[in-house]
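Q: File follows, coords32.txt with compact mmCIF, C-alpha atoms:
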```txt
# COMPACT_ATOMS: atom_id res chain seq x y z
CA MET A 1 0.00 0.00 0.00
CA SER A 2 1.35 3.47 -0.87
CA ASN A 3 1.49 6.24 1.69
CA LEU A 4 -0.41 9.44 1.11
CA ILE A 5 1.24 12.83 1.67
CA LEU A 6 -1.23 15.66 2.13
CA VAL A 7 0.12 19.09 1.17
CA ILE A 8 -1.72 22.15 2.43
CA SER A 9 -0.29 25.02 0.43
CA ASP A 10 -1.54 27.46 -2.15
CA ASP A 11 1.93 27.78 -3.67
CA ARG A 12 2.07 25.82 -6.91
CA ASN A 13 5.89 25.78 -6.80
CA VAL A 14 5.72 23.75 -3.61
CA HIS A 15 3.31 21.28 -5.22
CA GLY A 16 5.51 21.02 -8.30
CA GLN A 17 8.75 20.45 -6.41
CA LEU A 18 7.20 17.75 -4.31
CA ARG A 19 5.68 16.00 -7.32
CA LEU A 20 9.06 16.10 -9.05
CA ALA A 21 10.82 14.74 -5.96
CA LEU A 22 8.39 11.85 -5.72
CA THR A 23 9.02 10.99 -9.35
CA GLU A 24 12.79 11.29 -9.01
CA THR A 25 12.91 9.08 -5.93
CA ALA A 26 10.57 6.57 -7.57
CA SER A 27 8.55 6.90 -4.41
CA ARG A 28 5.42 4.86 -4.02
CA CYS A 29 3.90 7.72 -2.02
CA GLN A 30 0.94 9.62 -3.41
CA LEU A 31 0.58 13.37 -3.19
CA GLU A 32 -2.66 15.19 -2.51
CA CYS A 33 -2.37 18.98 -2.74
CA VAL A 34 -5.00 21.30 -1.28
CA ALA A 35 -4.99 25.06 -0.78
CA SER A 36 -6.97 25.15 2.46
CA ARG A 37 -8.40 22.90 5.14
CA GLU A 38 -11.85 23.04 3.53
CA GLU A 39 -10.43 21.20 0.53
CA ILE A 40 -9.19 18.25 2.54
CA PRO A 41 -11.21 15.20 1.50
CA PRO A 42 -12.95 13.95 4.65
CA ALA A 43 -12.08 10.30 4.12
CA HIS A 44 -8.35 10.86 3.65
CA ARG A 45 -5.91 9.34 6.10
CA PRO A 46 -2.53 10.76 5.10
CA ALA A 47 0.69 9.32 6.50
CA LEU A 48 2.26 12.77 6.50
CA ILE A 49 0.93 16.32 6.31
CA LEU A 50 2.97 19.20 4.92
CA LEU A 51 1.65 22.59 5.96
CA ASP A 52 2.85 25.79 4.32
CA LEU A 53 3.29 28.57 6.89
CA MET A 54 2.46 31.16 4.23
CA LEU A 55 -1.15 30.27 3.48
CA SER A 56 -3.02 33.22 2.03
CA ARG A 57 -6.60 32.32 2.97
CA GLU A 58 -6.16 31.66 6.69
CA PRO A 59 -3.34 31.60 9.23
CA ALA A 60 -1.40 28.34 9.05
CA PHE A 61 -1.39 28.15 12.85
CA GLU A 62 -5.20 27.98 12.83
CA VAL A 63 -4.98 25.08 10.41
CA LEU A 64 -2.39 23.37 12.60
CA LYS A 65 -4.58 23.84 15.68
CA TRP A 66 -7.52 22.42 13.74
CA LEU A 67 -5.50 19.43 12.53
CA ARG A 68 -4.39 18.54 16.03
CA ALA A 69 -7.97 18.85 17.27
CA GLN A 70 -9.15 16.24 14.73
CA GLN A 71 -8.97 12.73 16.08
CA ARG A 72 -7.92 11.32 12.70
CA TYR A 73 -4.91 13.64 12.46
CA GLN A 74 -3.85 13.66 16.09
CA HIS A 75 -0.91 11.33 15.54
CA THR A 76 -0.15 12.18 11.93
CA PRO A 77 3.27 13.80 11.54
CA VAL A 78 2.93 17.43 10.44
CA PHE A 79 5.91 19.13 8.82
CA VAL A 80 5.64 22.90 8.60
CA LEU A 81 7.23 24.54 5.57
CA GLY A 82 8.58 28.06 6.02
CA SER A 83 10.58 30.27 3.71
CA GLU A 84 12.55 32.12 6.38
CA ILE A 85 13.67 31.78 9.97
CA VAL A 86 11.24 33.50 12.28
CA GLU A 87 12.06 31.98 15.62
CA HIS A 88 8.80 32.99 17.23
CA ASP A 89 6.75 31.37 14.46
CA VAL A 90 8.77 28.20 14.58
CA ASN A 91 8.42 27.92 18.35
CA GLU A 92 4.70 28.52 17.99
CA ALA A 93 4.46 25.76 15.39
CA TYR A 94 6.22 23.29 17.69
CA SER A 95 4.06 24.26 20.63
CA LEU A 96 0.97 23.60 18.50
CA GLY A 97 2.18 20.11 17.65
CA ALA A 98 4.31 20.37 14.52
CA ASN A 99 6.82 17.54 14.20
CA SER A 100 9.35 19.40 12.12
CA CYS A 101 9.81 22.86 10.64
CA LEU A 102 11.54 22.82 7.28
CA LEU A 103 13.19 25.86 5.84
CA MET A 104 12.78 26.57 2.18
CA ARG A 105 14.98 29.64 1.80
CA SER A 106 14.20 29.49 -1.85
CA ILE A 107 11.90 27.05 -3.53
CA ASN A 108 14.27 26.88 -6.47
CA ASP A 109 17.46 26.55 -4.46
CA GLY A 110 17.92 23.25 -2.72
CA PHE A 111 14.29 22.52 -1.92
CA GLY A 112 14.35 19.68 -4.42
CA GLN A 113 16.70 17.74 -2.16
CA VAL A 114 14.59 18.48 0.89
CA ALA A 115 11.52 17.32 -1.04
CA GLN A 116 13.34 14.07 -1.80
CA GLY A 117 14.01 13.75 1.92
CA ILE A 118 10.31 14.24 2.59
CA ALA A 119 9.42 11.53 0.06
CA THR A 120 11.95 9.20 1.65
CA TYR A 121 10.59 9.92 5.11
CA ALA A 122 7.04 9.24 3.96
CA SER A 123 8.11 5.88 2.60
CA LEU A 124 9.53 4.90 6.00
CA ILE A 125 6.58 5.72 8.24
CA PRO A 126 3.76 3.23 8.83
CA SER A 127 0.71 3.59 6.65
CA PRO A 128 -2.35 4.67 8.66
CA ALA A 129 -5.47 2.52 8.57
CA GLN A 130 -7.80 3.75 5.83
CA PRO A 131 -11.53 4.02 6.46
CA SER A 132 -13.49 1.16 4.99
CA MET B 1 38.11 11.74 31.05
CA ALA B 2 36.42 14.31 28.83
CA LEU B 3 34.31 15.76 31.67
CA ALA B 4 37.32 16.47 33.87
CA LYS B 5 39.11 18.03 30.91
CA ASN B 6 36.19 20.27 29.86
CA VAL B 7 35.20 21.38 33.35
CA GLY B 8 38.80 21.60 34.55
CA ARG B 9 39.62 23.97 31.70
CA TYR B 10 36.63 26.18 32.58
CA LEU B 11 37.51 26.30 36.29
CA TRP B 12 41.22 26.77 35.74
CA GLU B 13 40.63 29.66 33.33
CA GLY B 14 38.57 31.47 36.00
CA LEU B 15 41.10 30.79 38.75
CA ARG B 16 43.97 32.08 36.62
CA ARG B 17 42.04 35.28 35.97
CA GLY B 18 41.55 35.70 39.70
CA GLU B 19 37.81 35.11 39.58
CA GLY B 20 35.96 33.45 42.43
CA VAL B 21 34.95 29.91 41.53
CA LEU B 22 31.98 28.09 43.03
CA VAL B 23 31.78 24.36 42.32
CA ILE B 24 28.61 22.47 43.30
CA VAL B 25 29.29 18.81 42.63
CA THR B 26 28.90 15.23 43.73
CA PRO B 27 31.63 13.96 46.11
CA GLU B 28 33.26 11.79 43.42
CA HIS B 29 33.44 14.69 41.00
CA ARG B 30 34.85 16.97 43.66
CA GLN B 31 37.76 14.57 43.90
CA LEU B 32 38.01 14.31 40.12
CA PHE B 33 38.07 18.07 39.50
CA ALA B 34 40.38 18.82 42.43
CA GLY B 35 42.78 16.23 41.04
CA HIS B 36 42.57 17.73 37.58
CA LEU B 37 43.12 21.29 38.83
CA ASP B 38 46.09 20.06 40.83
CA HIS B 39 47.43 18.44 37.66
CA LEU B 40 47.00 21.76 35.80
CA GLY B 41 49.10 23.51 38.43
CA ALA B 42 46.52 24.98 40.79
CA ASP B 43 47.66 25.59 44.40
CA LEU B 44 44.59 24.01 45.96
CA PRO B 45 45.35 24.65 49.66
CA THR B 46 45.83 28.37 48.94
CA LEU B 47 42.80 28.63 46.65
CA LEU B 48 40.55 26.83 49.15
CA GLY B 49 41.99 28.74 52.12
CA SER B 50 41.42 32.13 50.46
CA ARG B 51 37.95 31.00 49.34
CA GLN B 52 38.74 31.81 45.74
CA LEU B 53 37.68 28.22 45.14
CA VAL B 54 34.70 26.86 47.05
CA PHE B 55 33.22 23.38 46.75
CA TRP B 56 29.63 22.61 47.78
CA ASP B 57 27.94 19.25 47.74
CA ALA B 58 25.27 19.02 45.00
CA GLN B 59 22.88 16.71 46.85
CA GLN B 60 23.06 18.66 50.12
CA THR B 61 22.58 21.98 48.33
CA LEU B 62 19.58 20.63 46.42
CA ALA B 63 17.99 19.49 49.67
CA GLN B 64 18.03 23.10 50.90
CA PHE B 65 15.69 24.43 48.22
CA MET B 66 13.59 21.50 47.02
CA VAL B 67 9.96 21.83 48.12
CA SER B 68 7.52 19.01 47.31
CA GLY B 69 9.82 17.61 44.65
CA GLN B 70 10.36 20.92 42.87
CA PRO B 71 13.01 23.62 43.31
CA ASP B 72 11.57 26.65 45.06
CA TRP B 73 12.72 30.02 43.69
CA GLN B 74 12.92 31.91 46.98
CA SER B 75 14.86 29.19 48.74
CA PHE B 76 17.06 28.63 45.69
CA GLU B 77 17.91 32.31 45.44
CA GLN B 78 18.65 32.52 49.16
CA VAL B 79 20.87 29.44 49.13
CA MET B 80 22.75 30.39 45.99
CA ARG B 81 23.34 33.96 47.07
CA ALA B 82 24.70 32.63 50.36
CA ALA B 83 26.98 30.29 48.41
CA MET B 84 28.19 33.13 46.20
CA ARG B 85 28.92 35.32 49.19
CA GLN B 86 31.29 32.64 50.46
CA VAL B 87 33.43 32.97 47.34
CA SER B 88 36.09 35.69 47.02
CA SER B 89 37.89 36.73 43.89
CA ARG B 90 41.63 37.33 44.12
CA GLU B 91 42.67 40.79 45.31
CA GLY B 92 42.61 43.22 42.41
CA ALA B 93 40.48 40.89 40.33
CA GLU B 94 36.75 40.45 40.07
CA GLY B 95 34.20 38.08 38.63
CA LEU B 96 32.53 34.85 39.62
CA ARG B 97 32.03 31.65 37.76
CA ALA B 98 30.04 28.66 38.88
CA TYR B 99 29.91 25.05 37.86
CA GLY B 100 26.86 23.03 38.89
CA GLU B 101 25.76 19.42 38.80
CA MET B 102 22.45 19.74 40.64
CA VAL B 103 20.44 19.59 37.42
CA GLY B 104 22.42 16.49 36.52
CA VAL B 105 21.57 14.91 39.87
CA LEU B 106 17.85 15.52 39.22
CA TRP B 107 18.16 14.23 35.67
CA LYS B 108 19.88 11.07 36.85
CA ALA B 109 17.01 10.53 39.28
CA ARG B 110 14.64 10.91 36.28
CA GLN B 111 13.09 14.02 37.83
CA PHE B 112 13.01 15.73 34.42
CA ALA B 113 10.44 18.41 35.25
CA ALA B 114 12.39 19.43 38.36
CA ALA B 115 15.64 19.48 36.35
CA ILE B 116 14.11 21.80 33.75
CA ARG B 117 12.64 24.00 36.47
CA LEU B 118 16.03 24.26 38.14
CA GLU B 119 17.59 25.29 34.82
CA GLN B 120 15.01 28.05 34.58
CA LEU B 121 15.83 29.21 38.11
CA TRP B 122 19.53 29.31 37.24
CA ASN B 123 18.65 31.47 34.24
CA LYS B 124 16.58 33.80 36.39
CA LEU B 125 19.49 34.14 38.79
CA LEU B 126 21.87 34.75 35.87
CA GLU B 127 19.64 37.62 34.70
CA GLN B 128 19.79 39.22 38.13
CA SER B 129 23.46 38.65 38.92
CA SER B 130 26.77 38.82 37.19
CA PHE B 131 28.38 35.40 36.95
CA SER B 132 29.00 32.72 34.37
CA LEU B 133 27.60 29.25 34.69
CA TYR B 134 28.65 25.89 33.32
CA CYS B 135 26.50 22.81 33.85
CA ALA B 136 27.17 19.17 33.07
CA TYR B 137 24.71 16.31 32.87
CA ALA B 138 25.47 12.65 32.55
CA ILE B 139 22.93 12.00 29.82
CA ASP B 140 23.12 8.76 27.88
CA VAL B 141 22.33 9.99 24.38
CA PHE B 142 21.53 6.42 23.35
CA GLY B 143 18.99 6.03 26.17
CA LYS B 144 15.23 6.24 25.77
CA ASP B 145 15.15 9.37 27.93
CA PHE B 146 17.07 11.28 25.28
CA GLN B 147 14.05 12.64 23.44
CA VAL B 148 12.42 15.94 22.66
CA ALA B 149 9.78 15.90 25.38
CA ASN B 150 12.40 15.56 28.11
CA LEU B 151 15.15 17.65 26.63
CA ASP B 152 13.56 20.71 25.11
CA GLY B 153 13.13 22.55 28.39
CA VAL B 154 16.75 21.98 29.31
CA LEU B 155 18.08 22.91 25.87
CA CYS B 156 16.09 26.17 25.80
CA THR B 157 18.03 27.43 28.79
CA HIS B 158 21.52 27.12 27.32
CA THR B 159 23.62 29.29 25.08
CA HIS B 160 26.08 26.49 24.23
CA LEU B 161 26.15 22.75 24.54
CA VAL B 162 29.43 20.87 24.60
CA PRO B 163 29.38 17.10 24.11
CA ALA B 164 31.66 14.88 26.17
CA GLN B 165 33.40 13.76 22.99
CA PRO B 166 33.79 16.83 20.79
CA ASP B 167 35.81 14.90 18.22
CA GLY B 168 32.82 13.70 16.19
CA THR B 169 32.91 10.13 17.48
CA LEU B 170 29.15 10.08 18.04
CA GLU B 171 28.46 11.47 14.59
CA ILE B 172 30.66 8.84 12.95
CA ALA B 173 28.92 6.04 14.88
CA LEU B 174 25.48 7.41 14.13
CA ASN B 175 26.07 7.96 10.43
CA ARG B 176 27.48 4.48 10.03
CA SER B 177 24.49 3.02 11.82
CA MET B 178 22.03 5.04 9.70
CA ASP B 179 23.73 3.81 6.55
CA GLU B 180 23.50 0.21 7.72
CA ILE B 181 19.88 0.34 8.87
CA LEU B 182 18.37 2.73 6.32
CA GLY B 183 20.59 1.97 3.35
CA ALA B 184 20.30 4.37 0.44
CA LYS B 185 17.57 6.31 2.26
CA ALA B 186 20.00 7.56 4.90
CA ASP B 187 21.42 10.34 2.73
CA ALA B 188 18.01 11.78 1.85
CA LEU B 189 16.99 11.67 5.50
CA ARG B 190 20.15 13.47 6.57
CA ILE B 191 19.30 16.31 4.17
CA LEU B 192 15.78 16.45 5.57
CA ILE B 193 17.06 16.51 9.15
CA LYS B 194 19.55 19.23 8.26
CA ALA B 195 16.72 21.34 6.84
CA ASN B 196 14.80 20.95 10.08
CA TYR B 197 14.85 24.12 12.15
CA HIS B 198 14.38 23.87 15.89
CA PRO B 199 15.58 26.98 17.74
CA SER B 200 16.38 25.22 21.01
CA TRP B 201 18.47 22.66 19.14
CA ALA B 202 20.72 25.35 17.71
CA VAL B 203 23.04 24.94 20.69
CA MET B 204 23.35 21.24 20.10
CA PRO B 205 25.95 19.31 18.11
CA ALA B 206 24.75 17.71 14.85
CA ALA B 207 24.76 14.10 16.04
CA GLU B 208 22.56 14.84 19.06
CA SER B 209 20.10 16.74 16.81
CA ILE B 210 19.89 13.78 14.46
CA LEU B 211 19.22 11.43 17.38
CA LEU B 212 16.45 13.66 18.73
CA TRP B 213 14.86 14.02 15.30
CA LEU B 214 14.89 10.27 14.70
CA ARG B 215 13.45 9.53 18.14
CA LYS B 216 10.62 11.98 17.50
CA ASN B 217 9.80 11.26 13.87
CA LEU B 218 10.91 7.72 13.16
CA PRO B 219 10.71 5.98 16.53
CA GLU B 220 10.74 2.43 15.13
CA GLN B 221 13.83 2.94 13.00
CA ALA B 222 15.39 5.10 15.73
CA ASP B 223 15.52 2.15 18.11
CA GLN B 224 17.47 0.06 15.61
CA VAL B 225 19.72 2.92 14.57
CA VAL B 226 20.48 3.83 18.19
CA ARG B 227 21.19 0.21 19.16
CA GLN B 228 23.67 -0.19 16.36
CA ALA B 229 25.18 3.27 16.86
CA ARG B 230 25.80 2.45 20.52
CA GLN B 231 27.84 -0.57 19.49
CA HIS B 232 29.88 1.43 16.99
CA TYR B 233 30.37 4.21 19.53
CA GLN B 234 31.53 1.75 22.16
CA ILE B 235 34.10 0.26 19.81
CA LEU B 236 35.33 3.71 18.78
CA LEU B 237 35.60 4.83 22.40
CA GLN B 238 37.26 1.66 23.61
CA SER B 239 40.13 2.40 21.31
CA ALA B 240 40.27 5.91 22.80
CA GLY B 241 39.81 4.66 26.40
CA SER B 242 36.73 6.76 27.26
CA PRO B 243 33.45 5.88 29.01
CA LEU B 244 30.09 5.55 27.21
CA VAL B 245 28.43 8.65 28.50
CA SER B 246 27.81 12.06 26.97
CA GLU B 247 27.93 14.76 29.60
```
Can the structure from this file be put into structure tokens for me?

A:
Amino acid sequence: MSNLILVISDDRNVHGQLRLALTETASRCQLECVASREEIPPAHRPALILLDLMLSREPAFEVLKWLRAQQRYQHTPVFVLGSEIVEHDVNEAYSLGANSCLLMRSINDGFGQVAQGIATYASLIPSPAQPS
Amino acid sequence: MALAKNVGRYLWEGLRRGEGVLVIVTPEHRQLFAGHLDHLGADLPTLLGSRQLVFWDAQQTLAQFMVSGQPDWQSFEQVMRAAMRQVSSREGAEGLRAYGEMVGVLWKARQFAAAIRLEQLWNKLLEQSSFSLYCAYAIDVFGKDFQVANLDGVLCTHTHLVPAQPDGTLEIALNRSMDEILGAKADALRILIKANYHPSWAVMPAAESILLWLRKNLPEQADQVVRQARQHYQILLQSAGSPLVSE
């Protein structure tokens, strides 16, 4: 069974880089990209959630709080993606339950390798039980 | 022993500058550090007699400010200020430096919350007074207790963190173990871990950060990696004649 990575970001570059990384690593993981929490399919049980800190429609921290309040996402690893180091934001993300905060100084500079790391990580974590 | 070398250097530097030096340690470490200072050329009878160097017992000092299993700020402040008043810098010099193992004693007793609280009290005291502080903990980085939930509070309170083996031995052992357990995936994971930003980990050496990240995010694989890394580390240290503890 392939693991599902849910990406919550309205930045198409992020989606593209991750798709490319999955192809390059021949990962069996699937990618589902949404721009907001409303777009998350209710039946989805992702193995990993990637949350962009720079969401334009609502604060990412609100989404993170919401994710951690949902029983089905309580134990799902959430990696926060940020484009710069803002210590306060990063600390806030960890206090709200983020597992990791990844820096993407530039989407076009080195993020491809990080995306490959994400795909590799997703292939190593156990697949959550899917609803029948 | 790396601990004696690291701490001895810190104490000796202060003594040579004429600073007052307060050392709050376990009895065995008192002997260890006194021996090391003696080896470095310190005139211990003179330093102790003039109170430029003062030793206090960690366990006895802790007992003076622990209330219901937690360090109490008012008692802590009172006790530590009394300890500091006992120390005199050399004539014509000024400054005070302290070395403490009380947090380590609490950590060893698995009283993690109390250890973190005590670190916070030290920080509060540092904000109010002028002295430098060096702490050492005997933390087994391969142990199950070495994980984010226990460590974050302690790490947040430090400006630097010095491993017992600063020569990269742990990193070599860990990388080798990751390669063996995770195969080709190890390299991609290392890049991912490197991209991880955790402010309180900034003070920590790379190998310890990798261990914490693995324990938090890949607990199943972390157990295998850590088990194997411990073996590699032991072999590497045996050849160097050091104990299996990161302080």

Q: Excluding same-chain residues fewer than 4 positions from region 166-172 of chain B, what lies within 9 Å of it counting all atoms listed in the file, as a PDB file with C-alpha atoms, in the coordinates of the input?

A:
```pdb
ATOM      1  CA  ALA B   2      36.420  14.310  28.830  1.00  0.00           C
ATOM      2  CA  VAL B 162      29.430  20.870  24.600  1.00  0.00           C
ATOM      3  CA  ARG B 176      27.480   4.480  10.030  1.00  0.00           C
ATOM      4  CA  SER B 177      24.490   3.020  11.820  1.00  0.00           C
ATOM      5  CA  PRO B 205      25.950  19.310  18.110  1.00  0.00           C
ATOM      6  CA  ALA B 206      24.750  17.710  14.850  1.00  0.00           C
ATOM      7  CA  ALA B 207      24.760  14.100  16.040  1.00  0.00           C
ATOM      8  CA  GLU B 208      22.560  14.840  19.060  1.00  0.00           C
ATOM      9  CA  ILE B 210      19.890  13.780  14.460  1.00  0.00           C
ATOM     10  CA  ALA B 229      25.180   3.270  16.860  1.00  0.00           C
ATOM     11  CA  ARG B 230      25.800   2.450  20.520  1.00  0.00           C
ATOM     12  CA  HIS B 232      29.880   1.430  16.990  1.00  0.00           C
ATOM     13  CA  TYR B 233      30.370   4.210  19.530  1.00  0.00           C
ATOM     14  CA  LEU B 236      35.330   3.710  18.780  1.00  0.00           C
ATOM     15  CA  LEU B 237      35.600   4.830  22.400  1.00  0.00           C
TER      16      LEU B 237
END
```

Q: Just checking: using all atoms listed in the file, which residue out of B:His198, B:Arg110, B:Lys144, B:Arg17 ends up closest to chain A?

A: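 Nearest to chain A: B:His198.
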
Q: Would you list the contacts of Cys29 (chain A) as a PyMOL selection string, taking every protein, DNA or RNA residue within 12 Å and counting only C-alpha atoms, but skipping same-chain residues closer than 5 positions in sequence?

A: chain A and resi 1-6+18-19+21-24+46-48+116+118-127

Q: So how many Å separate CA of Trp122 (chain B) and CA of Val67 (chain B), to one decimal?

A: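 The value is 16.3 Å.
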
Q: Please report as JSON lines every residue of chain B lying within 12 Å of chain A, along with the nearest atom pair and their distance in Å (one decimal), using all atoms listed in the file.

A:
```
{"residue": "B:Val148", "atom": "CA", "partner": "A:Asn99", "partner_atom": "CA", "distance": 10.3}
{"residue": "B:Ala149", "atom": "CA", "partner": "A:Ser95", "partner_atom": "CA", "distance": 11.2}
{"residue": "B:Asp152", "atom": "CA", "partner": "A:Tyr94", "partner_atom": "CA", "distance": 10.8}
{"residue": "B:Cys156", "atom": "CA", "partner": "A:Asn91", "partner_atom": "CA", "distance": 10.8}
{"residue": "B:Ile181", "atom": "CA", "partner": "A:Leu124", "partner_atom": "CA", "distance": 11.7}
{"residue": "B:Leu182", "atom": "CA", "partner": "A:Leu124", "partner_atom": "CA", "distance": 9.1}
{"residue": "B:Gly183", "atom": "CA", "partner": "A:Thr120", "partner_atom": "CA", "distance": 11.4}
{"residue": "B:Ala184", "atom": "CA", "partner": "A:Thr120", "partner_atom": "CA", "distance": 9.7}
{"residue": "B:Lys185", "atom": "CA", "partner": "A:Thr120", "partner_atom": "CA", "distance": 6.3}
{"residue": "B:Ala186", "atom": "CA", "partner": "A:Thr120", "partner_atom": "CA", "distance": 8.8}
{"residue": "B:Asp187", "atom": "CA", "partner": "A:Gly117", "partner_atom": "CA", "distance": 8.2}
{"residue": "B:Ala188", "atom": "CA", "partner": "A:Gly117", "partner_atom": "CA", "distance": 4.5}
{"residue": "B:Leu189", "atom": "CA", "partner": "A:Gly117", "partner_atom": "CA", "distance": 5.1}
{"residue": "B:Arg190", "atom": "CA", "partner": "A:Gly117", "partner_atom": "CA", "distance": 7.7}
{"residue": "B:Ile191", "atom": "CA", "partner": "A:Val114", "partner_atom": "CA", "distance": 6.1}
{"residue": "B:Leu192", "atom": "CA", "partner": "A:Gly117", "partner_atom": "CA", "distance": 4.9}
{"residue": "B:Ile193", "atom": "CA", "partner": "A:Gly117", "partner_atom": "CA", "distance": 8.3}
{"residue": "B:Lys194", "atom": "CA", "partner": "A:Leu102", "partner_atom": "CA", "distance": 8.8}
{"residue": "B:Ala195", "atom": "CA", "partner": "A:Leu102", "partner_atom": "CA", "distance": 5.4}
{"residue": "B:Asn196", "atom": "CA", "partner": "A:Leu102", "partner_atom": "CA", "distance": 4.7}
{"residue": "B:Tyr197", "atom": "CA", "partner": "A:Cys101", "partner_atom": "CA", "distance": 5.4}
{"residue": "B:His198", "atom": "CA", "partner": "A:Cys101", "partner_atom": "CA", "distance": 7.0}
{"residue": "B:Pro199", "atom": "CA", "partner": "A:Glu87", "partner_atom": "CA", "distance": 6.5}
{"residue": "B:Ser200", "atom": "CA", "partner": "A:Asn91", "partner_atom": "CA", "distance": 8.8}
{"residue": "B:Trp201", "atom": "CA", "partner": "A:Asn91", "partner_atom": "CA", "distance": 11.4}
{"residue": "B:Ala202", "atom": "CA", "partner": "A:Glu87", "partner_atom": "CA", "distance": 11.1}
{"residue": "B:Leu212", "atom": "CA", "partner": "A:Ser100", "partner_atom": "CA", "distance": 11.3}
{"residue": "B:Trp213", "atom": "CA", "partner": "A:Ser100", "partner_atom": "CA", "distance": 8.3}
{"residue": "B:Leu214", "atom": "CA", "partner": "A:Tyr121", "partner_atom": "CA", "distance": 10.5}
{"residue": "B:Arg215", "atom": "CA", "partner": "A:Asn99", "partner_atom": "CA", "distance": 11.1}
{"residue": "B:Lys216", "atom": "CA", "partner": "A:Asn99", "partner_atom": "CA", "distance": 7.5}
{"residue": "B:Asn217", "atom": "CA", "partner": "A:Asn99", "partner_atom": "CA", "distance": 7.0}
{"residue": "B:Leu218", "atom": "CA", "partner": "A:Ile125", "partner_atom": "CA", "distance": 6.9}
{"residue": "B:Pro219", "atom": "CA", "partner": "A:Ile125", "partner_atom": "CA", "distance": 9.3}
{"residue": "B:Glu220", "atom": "CA", "partner": "A:Ile125", "partner_atom": "CA", "distance": 8.7}
{"residue": "B:Gln221", "atom": "CA", "partner": "A:Leu124", "partner_atom": "CA", "distance": 8.4}
{"residue": "B:Ala222", "atom": "CA", "partner": "A:Leu124", "partner_atom": "CA", "distance": 11.4}
```

Q: Rounded to one decimal in Å, what is the spacing between CA of Gln71 (chain A) and CA of Pro42 (chain A)?

A: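 Pair CA of Gln71 (chain A) / CA of Pro42 (chain A) returns 12.2 Å.
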
Q: Hey, can I get the axis-aligned box for region 1-6 of chain A? All listed atoms, 6 Å padding on each side, centre and edge lengths in Å to one decimal, as JSON.

A:
```
{"center_x": 0.1, "center_y": 7.8, "center_z": 0.6, "size_x": 14.7, "size_y": 27.7, "size_z": 15.0}
```

Q: Find the distance between CA of Lys65 (chain A) and CA of Glu92 (chain A) and write it in Å to one decimal.

A: 10.6 Å

Q: Using all atoms listed in the file, determine which residues lie at most 7 Å from Gln59 (chain B), disregarding the query and same-chain residues fewer than 3 positions distant; provide the list as a VMD selection string.

A: chain B and resid 26 62 to 63 102

Q: Could you check which of A:His15, A:Ser95, A:Val63, A:Leu31 is closest to Leu51 (chain A), using all atoms listed in the file?

A: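 That would be A:Val63, the residue with the smallest distance to Leu51 (chain A).
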
Q: Calculated over only C-alpha atoms, which of the candidates B:Val79, B:Leu211, B:Met178, B:Ala98 has the smallest distance to Met66 (chain B)?

A: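 For Met66 (chain B), the nearest of the given residues is B:Val79.
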
Q: Would you mind listing what lies within 10 Å of Arg72 (chain A) as number ranges by chain, with only C-alpha atoms counted and same-chain residues fewer than 3 positions away left out?

A: A: 42-46, 67-69, 75-76, 128

Q: Provide region 19-26 of chain B rebuilt to N, CA, C and O atoms, formatted as a tab-separated table (two decimals), keeping the file's coordinate frame.

A:
```tsv
chain	number	residue	atom	x	y	z
B	19	GLU	N	39.25	35.12	39.26
B	19	GLU	CA	37.81	35.11	39.58
B	19	GLU	C	37.53	34.14	40.73
B	19	GLU	O	38.27	33.19	40.95
B	20	GLY	N	36.44	34.40	41.44
B	20	GLY	CA	35.96	33.45	42.43
B	20	GLY	C	35.29	32.29	41.71
B	20	GLY	O	34.64	32.51	40.69
B	21	VAL	N	35.50	31.08	42.22
B	21	VAL	CA	34.95	29.91	41.53
B	21	VAL	C	34.15	29.05	42.51
B	21	VAL	O	34.69	28.57	43.51
B	22	LEU	N	32.87	28.89	42.19
B	22	LEU	CA	31.98	28.09	43.03
B	22	LEU	C	31.68	26.78	42.29
B	22	LEU	O	31.22	26.80	41.15
B	23	VAL	N	31.95	25.66	42.96
B	23	VAL	CA	31.78	24.36	42.32
B	23	VAL	C	30.80	23.52	43.15
B	23	VAL	O	31.10	23.17	44.30
B	24	ILE	N	29.62	23.23	42.57
B	24	ILE	CA	28.61	22.47	43.30
B	24	ILE	C	28.50	21.09	42.64
B	24	ILE	O	27.92	20.95	41.55
B	25	VAL	N	29.10	20.12	43.29
B	25	VAL	CA	29.29	18.81	42.63
B	25	VAL	C	29.01	17.63	43.55
B	25	VAL	O	28.88	17.79	44.77
B	26	THR	N	28.99	16.46	42.95
B	26	THR	CA	28.90	15.23	43.73
B	26	THR	C	30.28	14.96	44.35
B	26	THR	O	31.29	15.46	43.82
```
